[in-house]
file structure-v7.cif (mmCIF, C-alpha atoms)
data_final
#
loop_
_atom_site.label_atom_id
_atom_site.label_comp_id
_atom_site.auth_asym_id
_atom_site.auth_seq_id
_atom_site.Cartn_x
_atom_site.Cartn_y
_atom_site.Cartn_z
CA MET O 1 114.66 55.00 100.07
CA ILE O 2 116.12 56.20 103.36
CA LEU O 3 114.36 55.72 106.68
CA TYR O 4 114.87 58.71 108.96
CA PRO O 5 114.17 57.95 112.64
CA ALA O 6 112.74 61.09 114.22
CA ILE O 7 113.84 62.72 117.45
CA ASP O 8 111.46 65.54 118.31
CA LEU O 9 112.74 67.76 121.10
CA LYS O 10 110.55 69.58 123.61
CA ASP O 11 111.97 71.04 126.83
CA GLY O 12 115.13 68.96 126.34
CA GLN O 13 113.20 65.69 126.12
CA CYS O 14 112.49 63.32 123.27
CA VAL O 15 108.73 63.46 122.61
CA ARG O 16 106.08 62.77 120.01
CA LEU O 17 103.11 65.01 119.43
CA PHE O 18 99.62 64.08 118.28
CA LYS O 19 98.75 65.97 115.08
CA GLY O 20 101.18 68.72 116.01
CA ALA O 21 99.54 69.69 119.31
CA MET O 22 102.17 70.78 121.85
CA ASP O 23 99.76 70.01 124.71
CA GLN O 24 99.48 66.41 123.52
CA ALA O 25 103.12 65.40 123.86
CA THR O 26 104.19 61.93 124.95
CA VAL O 27 107.66 61.84 126.49
CA PHE O 28 109.71 58.86 125.31
CA SER O 29 113.13 59.75 126.68
CA ASP O 30 114.82 62.23 128.99
CA ALA O 31 118.12 61.55 127.22
CA PRO O 32 117.86 62.37 123.50
CA ALA O 33 121.53 61.59 122.89
CA GLU O 34 121.03 58.06 124.23
CA GLN O 35 118.02 57.67 121.95
CA ALA O 36 120.13 58.81 119.01
CA GLN O 37 122.80 56.26 119.92
CA SER O 38 120.15 53.54 120.11
CA PHE O 39 118.98 54.34 116.59
CA ALA O 40 122.60 54.32 115.40
CA ASP O 41 123.21 50.95 117.04
CA GLN O 42 120.18 49.55 115.21
CA GLY O 43 121.61 50.56 111.84
CA ALA O 44 120.05 53.95 111.12
CA GLU O 45 121.82 55.85 108.35
CA TRP O 46 120.34 59.30 109.08
CA LEU O 47 118.52 61.05 111.93
CA HIS O 48 115.72 63.59 111.63
CA LEU O 49 115.73 66.14 114.46
CA VAL O 50 113.08 68.74 115.28
CA ASP O 51 113.34 71.59 117.78
CA LEU O 52 109.64 71.85 118.62
CA ASN O 53 110.03 74.74 121.04
CA GLY O 54 112.18 76.49 118.48
CA ALA O 55 109.47 76.20 115.85
CA PHE O 56 107.20 78.31 118.05
CA ALA O 57 109.90 80.64 119.38
CA GLY O 58 111.41 81.34 115.97
CA ALA O 59 114.91 80.61 117.27
CA PRO O 60 116.79 77.57 118.59
CA VAL O 61 115.62 76.44 122.04
CA ASN O 62 116.83 72.84 122.33
CA ALA O 63 120.38 73.55 121.18
CA ALA O 64 121.94 71.70 124.12
CA ALA O 65 120.06 68.51 123.25
CA VAL O 66 121.01 68.81 119.57
CA ASP O 67 124.65 69.39 120.51
CA ALA O 68 124.56 66.27 122.69
CA ILE O 69 123.16 64.21 119.83
CA LEU O 70 125.80 65.47 117.42
CA GLY O 71 128.45 64.58 119.95
CA ALA O 72 127.04 61.11 120.58
CA VAL O 73 126.62 59.72 117.08
CA ASN O 74 128.57 59.70 113.85
CA LEU O 75 125.49 59.89 111.64
CA PRO O 76 124.32 62.61 109.28
CA CYS O 77 121.54 64.58 110.96
CA GLN O 78 118.99 67.02 109.60
CA LEU O 79 117.28 69.57 111.85
CA GLY O 80 114.20 71.73 111.57
CA GLY O 81 112.49 74.15 113.93
CA GLY O 82 113.30 77.79 114.61
CA ILE O 83 115.80 78.22 111.77
CA ARG O 84 114.82 81.54 110.25
CA ASP O 85 117.95 83.52 109.41
CA MET O 86 121.30 82.97 107.74
CA ALA O 87 123.27 83.27 110.98
CA THR O 88 121.33 80.36 112.51
CA ILE O 89 121.79 78.30 109.35
CA GLU O 90 125.54 78.95 109.36
CA GLY O 91 125.79 78.22 113.07
CA TRP O 92 124.07 74.86 112.88
CA LEU O 93 126.02 73.68 109.86
CA ALA O 94 129.26 74.74 111.52
CA LYS O 95 128.34 72.51 114.47
CA GLY O 96 128.20 69.49 112.22
CA LEU O 97 124.61 69.18 111.05
CA ARG O 98 124.49 67.70 107.57
CA ARG O 99 121.30 69.51 106.60
CA VAL O 100 119.03 72.28 107.91
CA ILE O 101 115.29 72.30 107.22
CA LEU O 102 113.62 75.62 106.44
CA GLY O 103 109.86 75.62 106.90
CA THR O 104 108.26 78.87 108.02
CA VAL O 105 110.77 81.01 106.12
CA ALA O 106 110.01 79.07 102.93
CA VAL O 107 106.63 80.85 103.07
CA GLU O 108 107.63 84.12 104.70
CA ASP O 109 111.08 84.70 103.20
CA PRO O 110 111.66 82.42 100.18
CA GLY O 111 114.65 84.53 99.19
CA LEU O 112 116.49 83.25 102.26
CA VAL O 113 115.95 79.66 101.09
CA HIS O 114 117.45 80.47 97.69
CA ALA O 115 120.39 82.31 99.27
CA ALA O 116 121.07 79.53 101.76
CA ALA O 117 120.89 76.82 99.12
CA ARG O 118 123.44 78.73 97.03
CA ALA O 119 125.72 79.26 100.00
CA PHE O 120 125.47 75.69 101.28
CA PRO O 121 124.85 73.32 98.34
CA GLY O 122 123.21 70.05 99.34
CA GLN O 123 122.73 71.17 102.95
CA VAL O 124 119.39 72.98 102.82
CA ALA O 125 115.98 71.29 102.70
CA VAL O 126 112.51 72.80 102.60
CA GLY O 127 109.94 71.58 105.10
CA ILE O 128 106.35 71.78 103.88
CA ASP O 129 103.75 70.98 106.51
CA ALA O 130 100.09 70.95 105.58
CA ARG O 131 96.54 70.30 106.67
CA GLU O 132 94.10 69.32 103.92
CA GLY O 133 96.65 70.35 101.31
CA ARG O 134 97.18 73.86 102.75
CA VAL O 135 100.53 74.90 104.18
CA ALA O 136 100.87 75.63 107.92
CA THR O 137 103.72 77.57 109.52
CA ARG O 138 105.17 78.60 112.91
CA GLY O 139 105.04 75.22 114.55
CA TRP O 140 101.90 74.35 112.59
CA ALA O 141 100.01 76.98 114.60
CA GLU O 142 99.28 79.28 111.65
CA GLU O 143 97.49 78.10 108.52
CA THR O 144 97.84 79.70 105.11
CA ASN O 145 95.90 79.47 101.87
CA MET O 146 98.98 78.27 100.02
CA ASP O 147 98.86 74.97 98.17
CA VAL O 148 101.61 72.45 98.87
CA ILE O 149 102.60 71.93 95.24
CA ASP O 150 102.53 75.65 94.47
CA LEU O 151 104.96 76.28 97.32
CA ALA O 152 107.22 73.39 96.34
CA ARG O 153 107.49 74.65 92.77
CA ARG O 154 108.91 77.95 94.02
CA PHE O 155 112.08 76.08 94.91
CA GLU O 156 112.51 73.94 91.80
CA ASP O 157 115.51 75.98 90.67
CA ALA O 158 116.86 76.84 94.13
CA GLY O 159 119.15 73.85 94.49
CA VAL O 160 117.58 72.58 97.70
CA ALA O 161 118.53 69.04 98.72
CA ALA O 162 115.02 67.82 99.48
CA ILE O 163 111.44 68.70 100.29
CA ILE O 164 110.16 67.17 103.51
CA TYR O 165 106.39 66.90 103.27
CA THR O 166 104.38 66.38 106.45
CA ASP O 167 100.66 65.71 106.53
CA ILE O 168 99.92 67.22 109.95
CA ASN O 169 96.69 65.30 110.46
CA ARG O 170 98.62 62.05 110.09
CA ASP O 171 101.56 63.01 112.30
CA GLY O 172 101.70 60.93 115.46
CA ALA O 173 98.23 59.54 114.77
CA MET O 174 99.39 56.05 113.74
CA GLN O 175 96.84 56.05 110.90
CA GLY O 176 99.19 55.60 107.95
CA PRO O 177 100.85 58.21 105.73
CA ASN O 178 99.11 60.22 103.02
CA VAL O 179 100.61 58.19 100.20
CA ALA O 180 98.53 59.78 97.44
CA ALA O 181 99.42 63.38 98.37
CA THR O 182 103.09 62.52 98.83
CA ALA O 183 103.25 60.79 95.45
CA ALA O 184 101.44 63.68 93.78
CA LEU O 185 104.00 66.12 95.17
CA ALA O 186 106.92 63.95 94.07
CA ARG O 187 105.49 63.77 90.54
CA ALA O 188 104.99 67.54 90.42
CA VAL O 189 108.57 68.57 91.26
CA GLN O 190 112.08 67.46 90.42
CA VAL O 191 113.34 68.01 93.98
CA PRO O 192 113.66 64.78 96.03
CA VAL O 193 110.72 64.30 98.42
CA ILE O 194 110.83 62.85 101.92
CA ALA O 195 107.53 61.65 103.40
CA SER O 196 106.59 62.45 106.98
CA GLY O 197 103.57 61.81 109.16
CA GLY O 198 101.59 58.68 109.87
CA VAL O 199 104.07 55.86 109.27
CA SER O 200 102.86 53.27 111.77
CA ARG O 201 103.97 49.87 110.44
CA LEU O 202 106.13 48.20 107.84
CA ASP O 203 103.32 48.11 105.28
CA ASP O 204 103.18 51.92 105.36
CA LEU O 205 106.83 52.16 104.39
CA ILE O 206 106.37 49.60 101.62
CA ALA O 207 103.38 51.58 100.32
CA LEU O 208 105.54 54.70 100.13
CA ARG O 209 108.38 52.75 98.53
CA ASP O 210 106.03 51.35 95.90
CA CYS O 211 103.87 54.47 95.35
CA GLY O 212 104.83 54.73 91.69
CA VAL O 213 107.34 57.55 91.98
CA ALA O 214 110.76 57.45 93.63
CA LEU O 215 110.86 59.06 97.07
CA ASP O 216 114.10 60.04 98.78
CA GLY O 217 112.92 58.68 102.10
CA ALA O 218 110.39 58.51 104.91
CA ILE O 219 110.42 59.74 108.50
CA SER O 220 109.08 57.68 111.39
CA GLY O 221 108.87 58.46 115.06
CA ARG O 222 106.07 57.13 117.25
CA ALA O 223 105.93 53.74 115.53
CA LEU O 224 109.60 53.16 116.37
CA TYR O 225 109.17 54.25 119.97
CA ASP O 226 106.02 52.18 120.47
CA GLY O 227 107.64 49.11 118.94
CA LYS O 228 105.09 48.93 116.13
CA LEU O 229 107.91 49.26 113.61
CA ASP O 230 111.18 47.37 113.93
CA LEU O 231 113.98 49.60 112.69
CA ALA O 232 116.28 46.83 111.46
CA GLU O 233 113.45 45.08 109.63
CA ALA O 234 112.31 48.35 108.08
CA LEU O 235 115.81 49.26 106.93
CA ALA O 236 116.18 45.88 105.27
CA ALA O 237 112.81 46.18 103.51
CA LEU O 238 113.64 49.59 102.08
CA LYS O 239 116.85 48.28 100.53
CA GLN O 240 114.97 45.72 98.47
#
call {"tool": "encode", "arguments": {"input": "structure-v7.cif", "output": "structure tokens"}}
result
Amino acid sequence: MILYPAIDLKDGQCVRLFKGAMDQATVFSDAPAEQAQSFADQGAEWLHLVDLNGAFAGAPVNAAAVDAILGAVNLPCQLGGGIRDMATIEGWLAKGLRRVILGTVAVEDPGLVHAAARAFPGQVAVGIDAREGRVATRGWAEETNMDVIDLARRFEDAGVAAIIYTDINRDGAMQGPNVAATAALARAVQVPVIASGGVSRLDDLIALRDCGVALDGAISGRALYDGKLDLAEALAALKQ
């Protein structure tokens, strides 16, 4: 199981939100590329990047910060936020991103997900963000009546690399991940699932690792920044 340190970008800074609220952002670094290098130096194998402004704008906003990260580290990076057309997908992958994450368009234009996954095998993931089991889109600002598992099943045959499932109410809240919902999703689909939201300590990662179904990985942000989770220790535990 891979641990993906998260770098969430807002106004060019590295931040963490509380339950997805843009007005409740804590700034952890003014130099995202330096933060990326720090994670690399501690042994990270992947980085999870989010363009928060882009998620609301519907187009890349923090491109300069992402470019700086890609130039600073030799790690595979995945990026979500504001990626809603093929030209943006192609542009990011051409810059060296290993994987793009499609969230809003997975609901609004699922055909684009299928087309992108065919065009770029292994480089397209679906981001499913939810409150109380219902999918939210456009930077988590708009809620739908769509069930998480129903949406995930639409992409079973698309060839996507992973589904990144975020429980919004757990994100940044340091209250532990929604292990049961994540495991239920992983059992329901054949696509690899990455857990996101709520990882606050080593025990949370172990609970995900041992949830009874194999997960591709877990994303952690605030716990790493606050020092509640030691990256090297966590990486070692997940290899056991």
call {"tool": "closest_atom_pairs", "arguments": {"input": "structure-v7.cif", "of": "segment 122-169 of chain O", "to": "segment 86-107 of chain O", "cutoff": "8 Å", "atoms": "only C-alpha atoms", "output": "tab-separated table"}}
result
residue	atom	partner	partner_atom	distance
O:Gly122	CA	O:Arg99	CA	7.5
O:Gln123	CA	O:Arg99	CA	4.3
O:Val124	CA	O:Val100	CA	5.2
O:Ala125	CA	O:Ile101	CA	4.7
O:Val126	CA	O:Leu102	CA	4.9
O:Gly127	CA	O:Gly103	CA	4.4
O:Ile128	CA	O:Gly103	CA	6.0
O:Asp129	CA	O:Gly103	CA	7.7
O:Thr137	CA	O:Thr104	CA	5.0
O:Arg138	CA	O:Thr104	CA	5.8
O:Leu151	CA	O:Val107	CA	7.5
call {"tool": "write_last_selection", "arguments": {"input": "structure-v7.cif", "atoms": "C-alpha atoms", "output": "mmCIF file, in the coordinates of the input"}}
result
data_model
loop_
_atom_site.group_PDB
_atom_site.id
_atom_site.type_symbol
_atom_site.label_atom_id
_atom_site.label_comp_id
_atom_site.auth_asym_id
_atom_site.auth_seq_id
_atom_site.Cartn_x
_atom_site.Cartn_y
_atom_site.Cartn_z
ATOM 1 C CA GLY O 122 123.210 70.050 99.340
ATOM 2 C CA GLN O 123 122.730 71.170 102.950
ATOM 3 C CA VAL O 124 119.390 72.980 102.820
ATOM 4 C CA ALA O 125 115.980 71.290 102.700
ATOM 5 C CA VAL O 126 112.510 72.800 102.600
ATOM 6 C CA GLY O 127 109.940 71.580 105.100
ATOM 7 C CA ILE O 128 106.350 71.780 103.880
ATOM 8 C CA ASP O 129 103.750 70.980 106.510
ATOM 9 C CA THR O 137 103.720 77.570 109.520
ATOM 10 C CA ARG O 138 105.170 78.600 112.910
ATOM 11 C CA LEU O 151 104.960 76.280 97.320
#
call {"tool": "resolve_selection", "arguments": {"input": "structure-v7.cif", "expression": "the PyMOL selection byres ((chain O and resi 203-212) around 7)", "output": "PDB file with C-alpha atoms, keeping the file's coordinate frame"}}
result
ATOM      1  CA  MET O   1     114.660  55.000 100.070  1.00  0.00           C
ATOM      2  CA  GLY O 176      99.190  55.600 107.950  1.00  0.00           C
ATOM      3  CA  PRO O 177     100.850  58.210 105.730  1.00  0.00           C
ATOM      4  CA  VAL O 179     100.610  58.190 100.200  1.00  0.00           C
ATOM      5  CA  ALA O 183     103.250  60.790  95.450  1.00  0.00           C
ATOM      6  CA  VAL O 199     104.070  55.860 109.270  1.00  0.00           C
ATOM      7  CA  SER O 200     102.860  53.270 111.770  1.00  0.00           C
ATOM      8  CA  ARG O 201     103.970  49.870 110.440  1.00  0.00           C
ATOM      9  CA  LEU O 202     106.130  48.200 107.840  1.00  0.00           C
ATOM     10  CA  VAL O 213     107.340  57.550  91.980  1.00  0.00           C
ATOM     11  CA  ALA O 214     110.760  57.450  93.630  1.00  0.00           C
ATOM     12  CA  LEU O 215     110.860  59.060  97.070  1.00  0.00           C
TER      13      LEU O 215
END
call {"tool": "atom_distance", "arguments": {"input": "structure-v7.cif", "atom1": "atom CA of Ala218 of chain O", "atom2": "atom CA of Val15 of chain O"}}
result
18.5 Å
call {"tool": "resolve_selection", "arguments": {"input": "structure-v7.cif", "expression": "the PyMOL selection byres ((chain O and resi 142-150) around 10)", "output": "mmCIF file with C-alpha atoms, in the coordinates of the input"}}
result
data_model
loop_
_atom_site.group_PDB
_atom_site.id
_atom_site.type_symbol
_atom_site.label_atom_id
_atom_site.label_comp_id
_atom_site.auth_asym_id
_atom_site.auth_seq_id
_atom_site.Cartn_x
_atom_site.Cartn_y
_atom_site.Cartn_z
ATOM 1 C CA THR O 104 108.260 78.870 108.020
ATOM 2 C CA VAL O 107 106.630 80.850 103.070
ATOM 3 C CA ILE O 128 106.350 71.780 103.880
ATOM 4 C CA ASP O 129 103.750 70.980 106.510
ATOM 5 C CA ALA O 130 100.090 70.950 105.580
ATOM 6 C CA ARG O 131 96.540 70.300 106.670
ATOM 7 C CA GLU O 132 94.100 69.320 103.920
ATOM 8 C CA GLY O 133 96.650 70.350 101.310
ATOM 9 C CA ARG O 134 97.180 73.860 102.750
ATOM 10 C CA VAL O 135 100.530 74.900 104.180
ATOM 11 C CA ALA O 136 100.870 75.630 107.920
ATOM 12 C CA THR O 137 103.720 77.570 109.520
ATOM 13 C CA ARG O 138 105.170 78.600 112.910
ATOM 14 C CA GLY O 139 105.040 75.220 114.550
ATOM 15 C CA TRP O 140 101.900 74.350 112.590
ATOM 16 C CA ALA O 141 100.010 76.980 114.600
ATOM 17 C CA LEU O 151 104.960 76.280 97.320
ATOM 18 C CA ALA O 152 107.220 73.390 96.340
ATOM 19 C CA ARG O 153 107.490 74.650 92.770
ATOM 20 C CA ARG O 154 108.910 77.950 94.020
ATOM 21 C CA PHE O 155 112.080 76.080 94.910
ATOM 22 C CA TYR O 165 106.390 66.900 103.270
ATOM 23 C CA ALA O 181 99.420 63.380 98.370
ATOM 24 C CA ALA O 184 101.440 63.680 93.780
ATOM 25 C CA LEU O 185 104.000 66.120 95.170
ATOM 26 C CA ALA O 186 106.920 63.950 94.070
ATOM 27 C CA ARG O 187 105.490 63.770 90.540
ATOM 28 C CA ALA O 188 104.990 67.540 90.420
ATOM 29 C CA VAL O 189 108.570 68.570 91.260
#
call {"tool": "atom_distance", "arguments": {"input": "structure-v7.cif", "atom1": "atom CA of Gln37 of chain O", "atom2": "atom CA of Asp167 of chain O"}}
result
27.5 Å
call {"tool": "closest_residue", "arguments": {"input": "structure-v7.cif", "among": "O:Leu52, O:Leu75, O:Ala40, O:Ala63", "to": "Asp23 of chain O", "atoms": "only C-alpha atoms"}}
result
O:Leu52
call {"tool": "closest_residue", "arguments": {"input": "structure-v7.cif", "among": "O:Phe56, O:Leu70, O:Ala162, O:Gly43", "to": "Pro5 of chain O", "atoms": "all atoms listed in the file"}}
result
O:Gly43
call {"tool": "atom_distance", "arguments": {"input": "structure-v7.cif", "atom1": "atom CA of Leu49 of chain O", "atom2": "atom CA of Val193 of chain O"}}
result
16.9 Å
call {"tool": "closest_residue", "arguments": {"input": "structure-v7.cif", "among": "O:Leu235, O:Ala55, O:Ala223, O:Ile2", "to": "Phe28 of chain O", "atoms": "all atoms listed in the file"}}
result
O:Ala223
call {"tool": "residues_near_point", "arguments": {"input": "structure-v7.cif", "point": "(118.0, 59.4, 124.2)", "cutoff": "10 Å", "atoms": "only C-alpha atoms", "output": "JSON, numbers by chain"}}
result
{"O": [7, 13, 14, 28, 29, 30, 31, 32, 33, 34, 35, 36, 37, 38, 39, 65, 68, 69, 72]}
call {"tool": "axis_aligned_box", "arguments": {"input": "structure-v7.cif", "around": "segment 152-170 of chain O", "padding_each_side": "5 Å", "output": "lines of an AutoDock Vina configuration file"}}
result
center_x = 107.9
center_y = 70.0
center_z = 100.6
size_x = 32.5
size_y = 25.9
size_z = 29.8
call {"tool": "resolve_selection", "arguments": {"input": "structure-v7.cif", "expression": "the PyMOL selection byres ((chain O and resi 219-222) around 8)", "output": "PyMOL selection string"}}
result
chain O and resi 3-7+16+48+172+174+194-200+217-218+223-226
call {"tool": "closest_residue", "arguments": {"input": "structure-v7.cif", "among": "O:Ala44, O:Ala158, O:Ala232, O:Leu9", "to": "Gly80 of chain O", "atoms": "all atoms listed in the file"}}
result
O:Leu9
